[in-house]
file entry.cif (mmCIF, C-alpha atoms)
data_structure
#
loop_
_atom_site.label_atom_id
_atom_site.label_comp_id
_atom_site.auth_asym_id
_atom_site.auth_seq_id
_atom_site.Cartn_x
_atom_site.Cartn_y
_atom_site.Cartn_z
CA MET A 245 30.60 10.05 23.19
CA SER A 246 32.08 9.82 26.69
CA PRO A 247 29.61 9.41 29.54
CA LEU A 248 29.50 12.23 32.09
CA PHE A 249 29.96 12.04 35.83
CA SER A 250 30.08 15.11 38.09
CA ALA A 251 32.76 15.20 40.78
CA ASP A 252 31.17 18.22 42.47
CA SER A 253 27.45 18.88 42.69
CA HIS A 254 25.31 20.18 45.54
CA VAL A 255 22.05 20.10 47.38
CA VAL A 256 20.38 23.20 48.73
CA GLU A 257 19.43 22.41 52.32
CA VAL A 258 15.78 23.03 53.20
CA GLU A 259 14.65 23.51 56.79
CA ALA A 260 13.75 19.82 57.06
CA CYS A 261 17.44 19.01 56.68
CA TYR A 262 18.00 20.15 60.26
CA ALA A 263 14.71 18.94 61.74
CA GLU A 264 16.38 15.93 63.40
CA ILE A 265 19.23 17.89 64.96
CA ASP A 266 20.48 16.90 68.42
CA PRO A 267 17.66 17.94 70.80
CA LYS A 268 20.12 20.14 72.69
CA TRP A 269 20.23 22.44 69.66
CA LYS A 270 16.61 22.07 68.52
CA SER A 271 15.60 25.65 69.31
CA LEU A 272 18.73 27.01 67.61
CA ARG A 273 18.62 24.95 64.43
CA PRO A 274 18.93 26.75 61.05
CA ARG A 275 15.54 27.98 59.83
CA ALA A 276 14.23 28.98 56.43
CA ALA A 277 13.02 32.53 55.85
CA GLU A 278 12.36 35.01 53.06
CA ASP A 279 14.28 38.22 52.55
CA PRO A 280 12.95 40.94 50.24
CA LYS A 281 16.40 41.56 48.73
CA GLN A 282 17.95 38.08 48.78
CA GLY A 283 14.90 35.86 48.49
CA ALA A 284 15.27 32.45 50.17
CA ILE A 285 17.63 32.50 53.15
CA MET A 286 18.59 30.33 56.10
CA VAL A 287 18.85 32.09 59.45
CA VAL A 288 21.50 30.61 61.74
CA PRO A 289 21.77 31.69 65.39
CA GLY A 290 25.30 32.69 66.25
CA MET A 291 26.16 34.00 62.80
CA ASP A 292 26.07 37.69 61.97
CA PHE A 293 24.85 37.06 58.43
CA THR A 294 22.28 34.79 56.81
CA ILE A 295 22.85 32.04 54.26
CA PRO A 296 21.62 33.13 50.78
CA SER A 297 19.96 29.86 49.76
CA GLY A 298 18.22 31.42 46.77
CA MET A 299 21.53 32.72 45.46
CA LEU A 300 22.96 29.21 45.80
CA SER A 301 20.41 27.77 43.38
CA ARG A 302 20.81 29.79 40.19
CA ALA A 303 21.38 26.95 37.74
CA GLY A 304 19.76 27.79 34.41
CA LEU A 305 19.09 31.43 35.29
CA ARG A 306 20.37 34.19 33.02
CA PHE A 307 23.38 35.96 34.54
CA GLU A 308 21.58 39.28 34.20
CA ASP A 309 18.82 37.95 36.45
CA TRP A 310 21.11 36.95 39.30
CA ALA A 311 20.43 40.16 41.22
CA LYS A 312 16.72 39.35 41.43
CA PRO A 313 15.63 37.68 44.68
CA GLN A 314 14.69 34.01 44.29
CA PRO A 315 12.15 32.85 46.89
CA TRP A 316 11.99 29.32 48.25
CA ASN A 317 9.10 28.36 45.98
CA ALA A 318 11.18 29.29 42.92
CA ILE A 319 14.17 27.08 43.78
CA HIS A 320 14.40 24.11 41.43
CA PRO A 321 13.10 21.02 43.27
CA ALA A 322 16.13 19.06 42.05
CA ALA A 323 18.13 21.04 44.60
CA PHE A 324 16.53 19.06 47.45
CA ASP A 325 14.30 16.32 45.96
CA PRO A 326 16.31 13.26 44.88
CA LYS A 327 13.75 12.06 42.32
CA ALA A 328 13.74 15.47 40.65
CA ARG A 329 17.54 15.36 40.78
CA LEU A 330 17.69 12.08 38.92
CA ALA A 331 15.45 13.59 36.25
CA ILE A 332 17.96 16.43 35.81
CA GLN A 333 20.75 13.88 35.48
CA ASP A 334 18.76 12.13 32.76
CA GLU A 335 18.10 15.45 31.04
CA GLU A 336 21.83 16.22 30.93
CA ASN A 337 22.97 12.63 30.30
CA VAL A 338 24.94 12.71 33.55
CA GLU A 339 25.31 9.21 35.01
CA GLY A 340 25.93 10.34 38.56
CA GLU A 341 27.07 13.12 40.88
CA VAL A 342 29.21 13.55 43.96
CA ILE A 343 27.03 15.56 46.34
CA TYR A 344 28.27 18.41 48.55
CA PRO A 345 26.28 20.84 50.75
CA SER A 346 25.43 24.50 50.16
CA ALA A 347 24.35 25.92 53.53
CA GLY A 348 26.84 23.54 55.10
CA MET A 349 29.68 25.38 53.37
CA VAL A 350 28.71 28.56 55.19
CA LEU A 351 28.08 26.72 58.46
CA CYS A 352 31.77 25.81 58.38
CA LEU A 353 32.35 29.41 59.49
CA HIS A 354 30.21 29.13 62.64
CA LYS A 355 32.35 29.89 65.68
CA ASP A 356 30.84 27.16 67.88
CA VAL A 357 32.32 23.82 66.83
CA ALA A 358 29.76 21.92 68.92
CA TYR A 359 26.97 23.64 67.01
CA ARG A 360 28.69 22.89 63.71
CA LYS A 361 28.97 19.25 64.69
CA ALA A 362 25.25 19.05 65.51
CA CYS A 363 24.32 20.67 62.19
CA PHE A 364 26.69 18.44 60.23
CA GLU A 365 25.33 15.29 61.85
CA ALA A 366 21.74 16.33 61.08
CA TYR A 367 22.77 17.10 57.50
CA ASN A 368 24.53 13.74 57.14
CA ARG A 369 21.38 11.88 58.22
CA TRP A 370 19.28 13.88 55.75
CA LEU A 371 21.80 13.44 52.93
CA ALA A 372 22.05 9.69 53.54
CA GLU A 373 18.30 9.45 52.97
CA PHE A 374 18.57 11.67 49.87
CA CYS A 375 21.31 9.48 48.36
CA ALA A 376 19.54 6.22 49.28
CA THR A 377 17.07 6.95 46.46
CA ASP A 378 19.78 5.79 44.03
CA PRO A 379 23.16 5.13 45.68
CA GLY A 380 24.82 4.48 42.35
CA ARG A 381 24.01 7.93 41.01
CA LEU A 382 23.85 10.09 44.15
CA ILE A 383 27.25 9.85 45.86
CA GLY A 384 27.20 11.64 49.19
CA ILE A 385 30.13 13.33 50.91
CA GLY A 386 29.64 13.48 54.68
CA MET A 387 30.64 16.48 56.78
CA ALA A 388 32.88 16.27 59.86
CA ALA A 389 33.49 19.04 62.40
CA LEU A 390 36.58 17.47 64.07
CA PRO A 391 36.28 19.02 67.56
CA SER A 392 39.21 16.83 68.67
CA PRO A 393 41.28 13.97 67.25
CA GLU A 394 39.22 11.38 69.13
CA GLU A 395 35.85 12.86 68.13
CA GLY A 396 37.09 13.33 64.58
CA VAL A 397 37.90 9.65 64.24
CA ARG A 398 34.45 8.75 65.58
CA GLU A 399 32.85 11.13 63.05
CA LEU A 400 34.74 9.49 60.19
CA ARG A 401 33.69 6.02 61.29
CA GLU A 402 30.06 7.09 61.45
CA ILE A 403 30.30 8.74 58.03
CA ALA A 404 31.67 5.51 56.56
CA ARG A 405 28.96 3.49 58.33
CA GLN A 406 26.31 5.73 56.74
CA GLY A 407 27.61 4.74 53.31
CA PHE A 408 29.27 7.99 52.28
CA LYS A 409 32.20 7.74 49.87
CA GLY A 410 34.16 10.72 51.16
CA VAL A 411 34.32 13.33 53.90
CA MET A 412 34.45 17.12 53.82
CA PHE A 413 36.35 19.24 56.37
CA ALA A 414 35.99 22.98 56.96
CA GLY A 415 38.66 25.22 55.53
CA ASP A 416 39.52 26.38 59.05
CA PRO A 417 40.26 23.73 61.70
CA ALA A 418 38.68 23.62 65.15
CA PHE A 419 42.06 23.00 66.80
CA GLU A 420 45.67 23.58 65.74
CA ASP A 421 46.08 23.42 61.95
CA TYR A 422 45.77 20.46 59.65
CA ASP A 423 49.54 19.94 59.42
CA HIS A 424 49.84 19.48 63.20
CA PRO A 425 50.90 15.96 64.28
CA SER A 426 47.75 15.70 66.43
CA TYR A 427 45.76 15.13 63.22
CA ALA A 428 47.58 11.87 62.54
CA PRO A 429 44.72 9.66 63.86
CA ILE A 430 42.25 11.49 61.63
CA TRP A 431 44.37 11.12 58.50
CA GLU A 432 45.03 7.46 59.23
CA ALA A 433 41.31 6.83 59.83
CA ALA A 434 40.46 8.46 56.49
CA ILE A 435 43.00 6.19 54.79
CA GLU A 436 41.79 3.08 56.62
CA LEU A 437 38.13 3.79 55.82
CA GLY A 438 38.83 4.66 52.18
CA LEU A 439 37.46 8.20 52.56
CA PRO A 440 39.06 10.86 50.36
CA VAL A 441 39.13 14.16 52.26
CA SER A 442 37.55 17.17 50.53
CA PHE A 443 38.17 20.86 51.06
CA HIS A 444 35.59 22.94 49.21
CA ILE A 445 36.16 26.59 48.38
CA LEU A 446 34.31 29.12 50.55
CA THR A 447 34.50 27.06 53.74
CA GLY A 448 37.22 29.08 55.49
CA LYS A 449 38.04 32.67 56.35
CA ASP A 450 40.67 32.88 53.60
CA SER A 451 37.89 32.82 51.00
CA TYR A 452 35.92 35.71 52.47
CA GLY A 453 36.52 39.38 53.10
CA MET A 454 39.98 39.60 51.60
CA THR A 455 41.11 43.13 50.92
CA VAL A 456 41.07 43.66 47.17
CA ARG A 457 42.01 46.56 44.96
CA GLY A 458 39.40 47.62 42.49
CA PRO A 459 35.78 46.49 42.04
CA LYS A 460 34.35 44.16 44.68
CA VAL A 461 33.70 41.52 42.02
CA ILE A 462 37.41 40.71 42.39
CA GLN A 463 36.51 38.88 45.61
CA GLN A 464 34.66 36.32 43.48
CA ILE A 465 37.78 35.78 41.38
CA VAL A 466 40.12 35.01 44.29
CA THR A 467 37.92 32.47 46.10
CA VAL A 468 40.40 29.70 45.24
CA ARG A 469 42.99 31.35 47.48
CA GLY A 470 41.70 29.51 50.54
CA ASN A 471 42.29 26.11 48.96
CA GLN A 472 45.69 27.15 47.68
CA ASN A 473 46.67 28.00 51.25
CA ILE A 474 45.52 24.56 52.42
CA ILE A 475 47.58 22.80 49.74
CA MET A 476 50.69 24.78 50.70
CA MET A 477 50.19 24.07 54.40
CA MET A 478 49.63 20.34 53.91
CA VAL A 479 52.47 19.85 51.43
CA LEU A 480 55.13 21.99 53.10
CA GLY A 481 53.91 21.00 56.57
CA GLY A 482 54.70 17.37 55.78
CA VAL A 483 51.19 15.90 55.94
CA PHE A 484 51.65 13.84 52.78
CA GLU A 485 55.19 12.90 53.78
CA ARG A 486 53.82 11.36 56.97
CA HIS A 487 50.64 9.95 55.39
CA PRO A 488 51.53 9.04 51.79
CA ALA A 489 48.27 7.18 51.12
CA LEU A 490 46.10 10.19 52.02
CA ARG A 491 43.95 11.49 49.16
CA VAL A 492 42.79 15.11 49.33
CA VAL A 493 40.30 16.71 46.94
CA MET A 494 40.38 20.46 46.34
CA VAL A 495 36.84 21.15 45.21
CA GLU A 496 35.63 23.80 42.77
CA ASN A 497 38.92 25.66 42.53
CA ASP A 498 39.73 24.84 38.87
CA ALA A 499 42.94 23.16 37.75
CA GLY A 500 44.72 25.19 35.09
CA TRP A 501 46.74 27.10 37.70
CA ILE A 502 48.23 24.02 39.36
CA PRO A 503 51.37 23.67 37.18
CA HIS A 504 52.58 27.20 37.89
CA PHE A 505 51.55 26.90 41.53
CA SER A 506 53.58 23.70 41.82
CA PHE A 507 56.54 25.48 40.25
CA ARG A 508 56.32 28.20 42.90
CA LEU A 509 56.23 25.56 45.65
CA ASP A 510 59.33 23.88 44.24
CA HIS A 511 61.06 27.22 43.75
CA ALA A 512 60.54 28.16 47.40
CA TRP A 513 61.55 24.71 48.67
CA GLU A 514 64.73 24.56 46.59
CA ARG A 515 65.98 27.99 47.63
CA HIS A 516 64.55 28.78 51.05
CA ARG A 517 64.33 25.53 52.97
CA TRP A 518 67.81 26.17 54.39
CA SER A 519 66.94 29.58 55.83
CA MET A 520 63.18 29.59 56.53
CA GLU A 521 60.78 27.41 58.48
CA ILE A 522 59.48 24.45 56.52
CA GLY A 523 58.15 21.01 57.39
CA SER A 524 60.17 17.85 57.01
CA ILE A 525 59.68 16.63 53.45
CA SER A 526 62.06 14.51 51.42
CA ARG A 527 60.86 15.28 47.90
CA LYS A 528 59.91 18.26 45.79
CA PRO A 529 56.54 19.73 46.81
CA SER A 530 55.21 19.28 43.29
CA GLU A 531 55.54 15.50 43.68
CA TYR A 532 53.14 15.49 46.64
CA VAL A 533 50.70 17.68 44.73
CA ARG A 534 50.84 15.30 41.81
CA GLU A 535 50.38 12.16 43.89
CA ASN A 536 48.07 13.18 46.74
CA VAL A 537 45.95 16.08 45.51
CA TYR A 538 42.86 15.86 43.29
CA THR A 539 40.98 18.83 41.90
CA THR A 540 37.59 19.56 40.35
CA PHE A 541 36.54 22.16 37.80
CA GLN A 542 33.51 23.08 35.72
CA ASP A 543 34.43 25.28 32.79
CA ASP A 544 38.15 25.97 33.23
CA SER A 545 39.16 25.99 29.57
CA SER A 546 42.83 26.48 30.51
CA VAL A 547 43.06 22.84 31.61
CA ARG A 548 43.35 21.59 28.05
CA TYR A 549 46.48 23.71 27.52
CA VAL A 550 48.41 22.23 30.46
CA VAL A 551 47.61 18.52 30.22
CA ASP A 552 51.30 17.65 29.93
CA ALA A 553 52.01 19.36 33.27
CA LEU A 554 49.08 17.87 35.22
CA ASN A 555 48.40 14.45 36.64
CA MET A 556 45.35 14.00 34.46
CA ASP A 557 44.20 11.03 36.54
CA HIS A 558 43.53 13.49 39.38
CA VAL A 559 41.57 16.12 37.41
CA MET A 560 37.78 15.79 37.56
CA TRP A 561 35.04 17.69 35.77
CA ALA A 562 31.85 18.78 37.56
CA THR A 563 28.45 20.31 36.87
CA ASP A 564 28.21 22.19 40.22
CA PHE A 565 24.41 21.86 39.94
CA PRO A 566 22.36 23.70 41.19
CA HIS A 567 24.82 26.56 41.70
CA GLY A 568 24.93 29.31 39.14
CA ASP A 569 28.62 28.81 38.42
CA GLY A 570 27.80 25.36 37.10
CA THR A 571 27.22 24.00 33.63
CA TYR A 572 23.45 23.36 33.54
CA PRO A 573 21.75 23.21 31.07
CA ASN A 574 24.78 22.96 28.77
CA SER A 575 26.85 20.30 30.52
CA ARG A 576 27.59 18.19 27.44
CA LYS A 577 28.61 21.22 25.37
CA ILE A 578 30.88 22.60 28.09
CA ALA A 579 32.42 19.20 28.86
CA ASP A 580 33.28 18.82 25.19
CA GLU A 581 34.77 22.33 25.00
CA VAL A 582 37.02 22.05 28.05
CA THR A 583 38.40 18.69 26.92
CA THR A 584 39.15 19.75 23.35
CA GLY A 585 42.56 18.45 22.31
CA MET A 586 42.76 15.82 25.02
CA SER A 587 43.26 12.22 24.08
CA ALA A 588 40.22 9.96 24.26
CA ALA A 589 41.58 8.36 27.43
CA GLN A 590 42.26 11.71 29.07
CA LYS A 591 38.81 13.01 28.21
CA GLN A 592 37.06 9.91 29.52
CA GLY A 593 39.07 10.15 32.72
CA VAL A 594 38.34 13.82 33.31
CA VAL A 595 34.59 13.76 32.62
CA TYR A 596 33.83 10.31 33.99
CA ALA A 597 36.36 7.70 35.07
CA ASN A 598 38.67 9.61 37.45
CA ALA A 599 35.94 10.44 39.94
CA ARG A 600 34.50 6.95 39.82
CA ALA A 601 37.94 5.46 40.47
CA LEU A 602 38.65 7.84 43.36
CA TYR A 603 35.41 6.91 45.12
CA GLY A 604 35.58 3.22 44.32
CA LEU A 605 32.42 3.13 42.21
#
call {"tool": "encode", "arguments": {"input": "entry.cif", "output": "structure tokens"}}
result
Amino acid sequence: MSPLFSADSHVVEVEACYAEIDPKWKSLRPRAAEDPKQGAIMVVPGMDFTIPSGMLSRAGLRFEDWAKPQPWNAIHPAAFDPKARLAIQDEENVEGEVIYPSAGMVLCLHKDVAYRKACFEAYNRWLAEFCATDPGRLIGIGMAALPSPEEGVRELREIARQGFKGVMFAGDPAFEDYDHPSYAPIWEAAIELGLPVSFHILTGKDSYGMTVRGPKVIQQIVTVRGNQNIIMMMVLGGVFERHPALRVVMVENDAGWIPHFSFRLDHAWERHRWSMEIGSISRKPSEYVRENVYTTFQDDSSVRYVVDALNMDHVMWATDFPHGDGTYPNSRKIADEVTTGMSAAQKQGVVYANARALYGL
């Protein structure tokens, strides 16, 4: 039986997470509240909507109960208490988890980059303490706002100093776009510090409010579009050509679609690079995807049908705890199902070894 290791899990930030925010922002820090329709929420000045914290902690709830409001006192303590979290890992026979934010994903959309930076720094301090309970099993990913190249490099150095194994950027940049040459110092710092760079779904405008045809539930189906746009921009914009050692993790966007997506990238490059704008790249786009891009998934059963077309060393399974889209309390069963037909080495890599190798554990 292969051990399990989650490449994408979360905390649900409580109000105490932002208690030690930069004093300049103390009166404007995110605050916990209750909403009669949504249950637990975080209210963030400067945003025209609240963060549905209760909805971000549905692990173990029946799908038919998702519409019921979940107050703060009903959120599983493992969402914010590290000792309770380790107990959940033991319950599910998960040896460790890579930890991402929940409220922080939404804060990526805040228009004020200085405010985002203050919130991210407060979160990083709180998360460092959370992970210090057992650094071998709670693997934190720090958040960086990147107000400028110089500040971005300083953020990465501080994140590495705090002991984090990776860094998460917002889907939308604070200046230019991520394929702009001005990001070179940031990419080189990430490489130097050994910090894989993560882009999580639902951290940029592309993942929200897209016009869809048909029922609104379709918006939940197309959330991976934002990360697909980032991959295209970074590959065709030459980021990996210029920084071949850069490792980028596309988080919670599944993996079964990558072979066809890579085909479309190659198709466009082969036919249109002579007549349309494209970055300077010397190889097929699919080669950069294969070498530089990692991806996480929870229950994407299509992965097992495309193993021959994927770099299976870069595919990583996750529980997504405590989010409702995750695998709790059936992580072992689901991990076995989605790896059916894989070789023993492939399965061990996907559910355990790949993530540990990426983060140097």
call {"tool": "closest_residue", "arguments": {"input": "entry.cif", "among": "A:Val492, A:Ile285, A:Val461, A:Val595", "to": "His444 of chain A", "atoms": "all atoms listed in the file"}}
result
A:Val492
call {"tool": "resolve_selection", "arguments": {"input": "entry.cif", "expression": "the PyMOL selection byres ((chain A and resi 500) around 6)", "output": "JSON, numbers by chain"}}
result
{"A": [499, 501, 502, 546, 547]}
call {"tool": "write_last_selection", "arguments": {"input": "entry.cif", "atoms": "C-alpha atoms", "output": "short mmCIF file (atom, residue, chain, number, x, y, z; two decimals), in the frame of the given file"}}
result
data_model
loop_
_atom_site.label_atom_id
_atom_site.label_comp_id
_atom_site.auth_asym_id
_atom_site.auth_seq_id
_atom_site.Cartn_x
_atom_site.Cartn_y
_atom_site.Cartn_z
CA ALA A 499 42.94 23.16 37.75
CA TRP A 501 46.74 27.10 37.70
CA ILE A 502 48.23 24.02 39.36
CA SER A 546 42.83 26.48 30.51
CA VAL A 547 43.06 22.84 31.61
#
call {"tool": "residues_around", "arguments": {"input": "entry.cif", "residues": "segment 322-324 of chain A", "least_positions_apart": "3", "cutoff": "6 Å", "atoms": "only C-alpha atoms", "output": "list of chain:residue names"}}
result
A:Val255, A:Val256, A:Ala328, A:Arg329
call {"tool": "resolve_selection", "arguments": {"input": "entry.cif", "expression": "the PyMOL selection byres ((chain A and resi 427-433) around 7)", "output": "VMD selection string"}}
result
chain A and resid 393 396 to 397 422 424 to 426 434 to 437 490
call {"tool": "atom_distance", "arguments": {"input": "entry.cif", "atom1": "atom CA of Ala276 of chain A", "atom2": "atom CA of Asn317 of chain A"}}
result
11.7 Å
call {"tool": "residues_around", "arguments": {"input": "entry.cif", "residues": "Tyr262 of chain A", "least_positions_apart": "2", "cutoff": "8 Å", "atoms": "all atoms listed in the file", "output": "ChimeraX atom specification"}}
result
/A:258-260,264-265,273-274,363,366-367,370
call {"tool": "closest_residue", "arguments": {"input": "entry.cif", "among": "A:Ala331, A:Met291, A:Val533, A:Ala553", "to": "Val479 of chain A", "atoms": "only C-alpha atoms"}}
result
A:Val533
call {"tool": "resolve_selection", "arguments": {"input": "entry.cif", "expression": "the PyMOL selection byres ((chain A and resi 562) around 6)", "output": "short mmCIF file (atom, residue, chain, number, x, y, z; two decimals) with C-alpha atoms, in the coordinates of the input"}}
result
data_model
loop_
_atom_site.label_atom_id
_atom_site.label_comp_id
_atom_site.auth_asym_id
_atom_site.auth_seq_id
_atom_site.Cartn_x
_atom_site.Cartn_y
_atom_site.Cartn_z
CA SER A 250 30.08 15.11 38.09
CA ALA A 251 32.76 15.20 40.78
CA ASP A 252 31.17 18.22 42.47
CA PHE A 541 36.54 22.16 37.80
CA GLN A 542 33.51 23.08 35.72
CA TRP A 561 35.04 17.69 35.77
CA THR A 563 28.45 20.31 36.87
CA ASP A 564 28.21 22.19 40.22
#
call {"tool": "closest_residue", "arguments": {"input": "entry.cif", "among": "A:Ile465, A:Leu272, A:Val495, A:Ala414", "to": "Ser253 of chain A", "atoms": "only C-alpha atoms"}}
result
A:Val495
call {"tool": "atom_distance", "arguments": {"input": "entry.cif", "atom1": "atom CA of Arg508 of chain A", "atom2": "atom CA of Asp423 of chain A"}}
result
19.7 Å
call {"tool": "atom_distance", "arguments": {"input": "entry.cif", "atom1": "atom CA of Tyr532 of chain A", "atom2": "atom CA of Met454 of chain A"}}
result
27.9 Å
call {"tool": "closest_residue", "arguments": {"input": "entry.cif", "among": "A:Val582, A:Val350, A:Val466, A:Ala512", "to": "Val550 of chain A", "atoms": "only C-alpha atoms"}}
result
A:Val582
call {"tool": "build_atoms", "arguments": {"input": "entry.cif", "residues": "segment 573-599 of chain A", "atoms": "N, CA and C atoms", "output": "mmCIF file, in the frame of the given file"}}
result
data_model
loop_
_atom_site.group_PDB
_atom_site.id
_atom_site.type_symbol
_atom_site.label_atom_id
_atom_site.label_comp_id
_atom_site.auth_asym_id
_atom_site.auth_seq_id
_atom_site.Cartn_x
_atom_site.Cartn_y
_atom_site.Cartn_z
ATOM 1 N N PRO A 573 22.182 24.449 31.726
ATOM 2 C CA PRO A 573 21.750 23.210 31.070
ATOM 3 C C PRO A 573 22.620 22.807 29.870
ATOM 4 N N ASN A 574 23.901 23.201 29.921
ATOM 5 C CA ASN A 574 24.780 22.960 28.770
ATOM 6 C C ASN A 574 25.972 22.079 29.142
ATOM 7 N N SER A 575 25.737 21.087 30.004
ATOM 8 C CA SER A 575 26.850 20.300 30.520
ATOM 9 C C SER A 575 27.616 19.563 29.423
ATOM 10 N N ARG A 576 26.918 18.921 28.511
ATOM 11 C CA ARG A 576 27.590 18.190 27.440
ATOM 12 C C ARG A 576 28.439 19.126 26.590
ATOM 13 N N LYS A 577 27.894 20.265 26.208
ATOM 14 C CA LYS A 577 28.610 21.220 25.370
ATOM 15 C C LYS A 577 29.869 21.717 26.077
ATOM 16 N N ILE A 578 29.738 22.071 27.355
ATOM 17 C CA ILE A 578 30.880 22.600 28.090
ATOM 18 C C ILE A 578 31.919 21.504 28.328
ATOM 19 N N ALA A 579 31.481 20.299 28.665
ATOM 20 C CA ALA A 579 32.420 19.200 28.860
ATOM 21 C C ALA A 579 33.225 18.933 27.597
ATOM 22 N N ASP A 580 32.579 19.015 26.454
ATOM 23 C CA ASP A 580 33.280 18.820 25.190
ATOM 24 C C ASP A 580 34.280 19.949 24.933
ATOM 25 N N GLU A 581 33.888 21.189 25.248
ATOM 26 C CA GLU A 581 34.770 22.330 25.000
ATOM 27 C C GLU A 581 36.027 22.279 25.863
ATOM 28 N N VAL A 582 35.858 21.983 27.148
ATOM 29 C CA VAL A 582 37.020 22.050 28.050
ATOM 30 C C VAL A 582 37.964 20.869 27.872
ATOM 31 N N THR A 583 37.525 19.847 27.152
ATOM 32 C CA THR A 583 38.400 18.690 26.920
ATOM 33 C C THR A 583 38.899 18.637 25.477
ATOM 34 N N THR A 584 38.668 19.692 24.722
ATOM 35 C CA THR A 584 39.150 19.750 23.350
ATOM 36 C C THR A 584 40.662 19.562 23.309
ATOM 37 N N GLY A 585 41.119 18.684 22.445
ATOM 38 C CA GLY A 585 42.560 18.450 22.310
ATOM 39 C C GLY A 585 43.094 17.370 23.206
ATOM 40 N N MET A 586 42.320 16.925 24.179
ATOM 41 C CA MET A 586 42.760 15.820 25.020
ATOM 42 C C MET A 586 42.625 14.507 24.271
ATOM 43 N N SER A 587 43.427 13.541 24.662
ATOM 44 C CA SER A 587 43.260 12.220 24.080
ATOM 45 C C SER A 587 41.940 11.628 24.554
ATOM 46 N N ALA A 588 41.481 10.593 23.874
ATOM 47 C CA ALA A 588 40.220 9.960 24.260
ATOM 48 C C ALA A 588 40.288 9.440 25.695
ATOM 49 N N ALA A 589 41.434 8.885 26.071
ATOM 50 C CA ALA A 589 41.580 8.360 27.430
ATOM 51 C C ALA A 589 41.574 9.478 28.461
ATOM 52 N N GLN A 590 42.243 10.578 28.148
ATOM 53 C CA GLN A 590 42.260 11.710 29.070
ATOM 54 C C GLN A 590 40.852 12.288 29.239
ATOM 55 N N LYS A 591 40.156 12.453 28.140
ATOM 56 C CA LYS A 591 38.810 13.010 28.210
ATOM 57 C C LYS A 591 37.896 12.112 29.033
ATOM 58 N N GLN A 592 37.922 10.813 28.765
ATOM 59 C CA GLN A 592 37.060 9.910 29.520
ATOM 60 C C GLN A 592 37.399 9.946 31.004
ATOM 61 N N GLY A 593 38.679 10.064 31.324
ATOM 62 C CA GLY A 593 39.070 10.150 32.720
ATOM 63 C C GLY A 593 38.539 11.402 33.379
ATOM 64 N N VAL A 594 38.719 12.530 32.726
ATOM 65 C CA VAL A 594 38.340 13.820 33.310
ATOM 66 C C VAL A 594 36.833 13.923 33.520
ATOM 67 N N VAL A 595 36.041 13.542 32.530
ATOM 68 C CA VAL A 595 34.590 13.760 32.620
ATOM 69 C C VAL A 595 33.836 12.580 33.205
ATOM 70 N N TYR A 596 34.555 11.486 33.516
ATOM 71 C CA TYR A 596 33.830 10.310 33.990
ATOM 72 C C TYR A 596 34.646 9.404 34.918
ATOM 73 N N ALA A 597 35.727 8.837 34.399
ATOM 74 C CA ALA A 597 36.360 7.700 35.070
ATOM 75 C C ALA A 597 37.169 8.073 36.310
ATOM 76 N N ASN A 598 37.799 9.259 36.313
ATOM 77 C CA ASN A 598 38.670 9.610 37.450
ATOM 78 C C ASN A 598 37.889 9.675 38.754
ATOM 79 N N ALA A 599 36.743 10.318 38.725
ATOM 80 C CA ALA A 599 35.940 10.440 39.940
ATOM 81 C C ALA A 599 35.441 9.071 40.391
#
